[in-house]
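Report on one structure; see the data block that follows.
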Amino acid sequence: MTTFPTTRLRRLRRTGRLRALVRETRLDLADFVQPLFVCPGEGVVRPLEGLPGIAQRSVDELCREVEEASALGVSSVLLFGIPEEKDDEGTGAYDEDGIVQRALRELRGRFPELVLMTDVCLCEYTAHGHCGVLEDGEIANDLSLELLARTAVSHAEAGADAVCPSDMMDGRVGAIRTALDEGGFAETPIVSYAAKYASAFYGPFREAAESTPAFGDRRGYQMDPANVREALRECALDVAEGADVLIVKPALPCLDVIRAVRERFDLPVGAYNVSGEYAMVKAAAARGWLAEREAALESLGAIKRAGADIVVSYWTKELARWL
Ligand code: PBG
């Protein structure tokens, strides 16, 4: 290997065009997914304090938002629902006439080409805010599976292109695959949050989805942020159960996990640039402490560089304007 003065890496950094020519990672809007929150009512746009630029919207307003995002070139969205009522069984999650199901039917009719993905979890629908149902004060894994599978099937029936289980119950991918196949949805992919950590960076989302647990925390089912080998085991199990895409969540605190999953598996890998990652940059930018656009582009670029094919990000719509 030659060294200085023969080798001068600055030669290729001299102009913008030269830098572009040798750039290793690029952002392509086609890889990005915009999360959206749908709530009951009409004409409702409820901005979220912890997620500037993001709002809870009733179905009519959601359609307007999607219209705008689509016109900008956004191709995929991920729906989260805030139901009218919550109960111990999370009934709103799998109700045929639930909030996400209604939004799906409306969006499916109006935007036939939009990729419609849905979060499959019970936490927005249970009165206690946990991702599964309770039995003797514990989150009951196997009892929750049937309800999660019903939720996924009801989303597919209402027009979802892909379902994204984020509950972290053991065996849910297999249970959902079986239920989808039996329900006539063999073609519906499962985008699994295979490695989802019990992260402090979900804070603003819980305000947005009104899903803060009423007691305890999620460490009994979400992964310990200290572990990476365990993430690979989670992924291997999800692959065996029939996952079509593996998602790592959160993204920036887990770039090494994204890389490890990328190297071990040949499935498409996704990463969820979560609410706290977005909120931190928004908050600092609002104080003039950093430049939002540059910080966002650098963050999203880092997630791609780590190996993600698909990125779920609250910046997706803004990214469409920036690119
Ligand atoms: C719920 C779910 C959560 C997020 C996505 N799906 C929250 C949680 O597990 O507490 C977090 C997303 C974000 O922070 O942007 N199953």
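Identifiers for the structure tokens are assigned positionally: chains receive A, B, ... in sequence, residues are indexed from 1 per chain, and ligands are indexed from 1 in the order shown.
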Notebook entry, point to check: Which residues sit within 9 Å of ligand 1, counting only C-alpha atoms and all ligand atoms, listed as an MDAnalysis selection string?
Noted result: chainID A and resid 35 80 119:124 129:131 165:168 193 196:206 208:209 211:213 217:218 222 249:250 272:278 312:314
Next item on the list: Per DSSP on the backbone, filter region 196-227 of chain A down to the residues in alpha helix (DSSP H) and report them as number ranges by chain.
Entry: A: 203-209
Notebook entry, point to check: Using only C-alpha atoms, which residues sit within 10 Å of Ser70 (chain A) once same-chain residues fewer than 4 positions away are excluded, as a PyMOL selection string?
Noted result: chain A and resi 64-66+74-77+111+113-114+317+320
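Relative to CA of Gly174 (chain A), CA of Glu241 (chain A) is found at 4.5 Å.
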Which residues come within 10 Å of Arg264 (chain A), counting only C-alpha atoms, excluding same-chain residues fewer than 2 positions away, as an mmCIF file with C-alpha atoms, in the first residue's frame?
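What follows is the written file result19.cif:
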```
data_model
loop_
_atom_site.group_PDB
_atom_site.id
_atom_site.type_symbol
_atom_site.label_atom_id
_atom_site.label_comp_id
_atom_site.auth_asym_id
_atom_site.auth_seq_id
_atom_site.Cartn_x
_atom_site.Cartn_y
_atom_site.Cartn_z
ATOM 1 C CA LEU A 232 -29.549 -12.856 15.737
ATOM 2 C CA CYS A 235 -34.050 -13.104 13.607
ATOM 3 C CA ALA A 236 -33.283 -16.775 12.959
ATOM 4 C CA ARG A 259 -24.869 -4.628 10.355
ATOM 5 C CA ALA A 260 -24.846 -8.026 12.094
ATOM 6 C CA VAL A 261 -28.330 -8.894 10.774
ATOM 7 C CA ARG A 262 -27.334 -7.727 7.278
ATOM 8 C CA ASP A 266 -30.257 -12.611 3.057
ATOM 9 C CA LEU A 267 -33.731 -11.230 3.739
#
```
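Distance-wise, CA of Val228 (chain A) and CA of Leu27 (chain A) end up 26.2 Å apart.
For the residues A:Asp136, A:Ala127, A:Leu78, A:Asp60, ranking by smallest atom-to-atom distance to Asp161 (chain A) using only C-alpha atoms places A:Leu78 first.
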Check: Mind checking DSSP for region 178-252 of chain A and telling me the strand (DSSP E) residues as a PyMOL selection string?
Finding: chain A and resi 191-196+245-249
Could you write those residues out with all heavy atoms, as a tab-separated table (two decimals), in the first residue's frame?
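What landed in out_32.tsv:
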```tsv
chain	number	residue	atom	x	y	z
A	191	VAL	N	-43.59	-8.28	7.78
A	191	VAL	CA	-42.42	-7.44	8.02
A	191	VAL	C	-42.24	-7.44	9.53
A	191	VAL	O	-42.94	-6.74	10.25
A	191	VAL	CB	-42.67	-6.01	7.47
A	191	VAL	CG1	-41.51	-5.09	7.81
A	191	VAL	CG2	-42.90	-6.06	5.96
A	192	SER	N	-41.34	-8.30	10.01
A	192	SER	CA	-41.28	-8.52	11.45
A	192	SER	C	-40.26	-7.62	12.14
A	192	SER	O	-39.12	-7.51	11.72
A	192	SER	CB	-40.88	-9.98	11.71
A	192	SER	OG	-40.72	-10.16	13.10
A	193	TYR	N	-40.72	-7.00	13.22
A	193	TYR	CA	-39.76	-6.31	14.08
A	193	TYR	C	-39.08	-7.42	14.85
A	193	TYR	O	-39.44	-7.71	15.99
A	193	TYR	CB	-40.48	-5.40	15.08
A	193	TYR	CG	-41.21	-4.23	14.50
A	193	TYR	CD1	-42.56	-4.31	14.20
A	193	TYR	CD2	-40.55	-3.02	14.30
A	193	TYR	CE1	-43.25	-3.22	13.70
A	193	TYR	CE2	-41.24	-1.92	13.80
A	193	TYR	CZ	-42.58	-2.03	13.50
A	193	TYR	OH	-43.26	-0.96	13.02
A	194	ALA	N	-38.12	-8.05	14.20
A	194	ALA	CA	-37.50	-9.23	14.77
A	194	ALA	C	-36.67	-8.88	16.00
A	194	ALA	O	-36.71	-9.56	17.01
A	194	ALA	CB	-36.64	-9.90	13.71
A	195	ALA	N	-35.89	-7.81	15.87
A	195	ALA	CA	-35.03	-7.38	16.98
A	195	ALA	C	-35.52	-6.04	17.47
A	195	ALA	O	-35.10	-4.99	17.01
A	195	ALA	CB	-33.58	-7.31	16.54
A	196	LYS	N	-36.46	-6.09	18.39
A	196	LYS	CA	-37.00	-4.86	18.96
A	196	LYS	C	-36.57	-4.77	20.41
A	196	LYS	O	-36.87	-5.65	21.22
A	196	LYS	CB	-38.53	-4.85	18.85
A	196	LYS	CG	-39.13	-3.61	19.49
A	196	LYS	CD	-40.61	-3.50	19.23
A	196	LYS	CE	-41.19	-2.32	19.97
A	196	LYS	NZ	-42.62	-2.16	19.73
A	245	VAL	N	-39.37	-9.90	5.98
A	245	VAL	CA	-38.44	-8.79	6.18
A	245	VAL	C	-38.11	-8.75	7.67
A	245	VAL	O	-38.99	-9.00	8.50
A	245	VAL	CB	-39.07	-7.42	5.77
A	245	VAL	CG1	-38.11	-6.27	6.05
A	245	VAL	CG2	-39.49	-7.42	4.30
A	246	LEU	N	-36.85	-8.46	7.99
A	246	LEU	CA	-36.43	-8.36	9.40
A	246	LEU	C	-36.19	-6.89	9.74
A	246	LEU	O	-35.44	-6.21	9.02
A	246	LEU	CB	-35.14	-9.14	9.62
A	246	LEU	CG	-35.20	-10.64	9.32
A	246	LEU	CD1	-33.80	-11.24	9.35
A	246	LEU	CD2	-36.12	-11.34	10.33
A	247	ILE	N	-36.81	-6.43	10.81
A	247	ILE	CA	-36.61	-5.04	11.21
A	247	ILE	C	-35.86	-4.96	12.54
A	247	ILE	O	-36.15	-5.73	13.46
A	247	ILE	CB	-37.96	-4.30	11.32
A	247	ILE	CG1	-38.58	-4.21	9.93
A	247	ILE	CG2	-37.80	-2.91	11.93
A	247	ILE	CD1	-39.49	-3.05	9.73
A	248	VAL	N	-34.93	-4.03	12.60
A	248	VAL	CA	-34.22	-3.73	13.84
A	248	VAL	C	-34.73	-2.40	14.34
A	248	VAL	O	-34.91	-1.46	13.58
A	248	VAL	CB	-32.68	-3.65	13.59
A	248	VAL	CG1	-31.95	-3.23	14.85
A	248	VAL	CG2	-32.15	-4.97	13.06
A	249	LYS	N	-34.96	-2.33	15.65
A	249	LYS	CA	-35.57	-1.13	16.21
A	249	LYS	C	-35.11	-0.94	17.65
A	249	LYS	O	-35.17	-1.89	18.41
A	249	LYS	CB	-37.07	-1.33	16.15
A	249	LYS	CG	-37.91	-0.28	16.79
A	249	LYS	CD	-39.34	-0.67	16.58
A	249	LYS	CE	-40.26	0.32	17.22
A	249	LYS	NZ	-41.63	-0.10	17.07
```
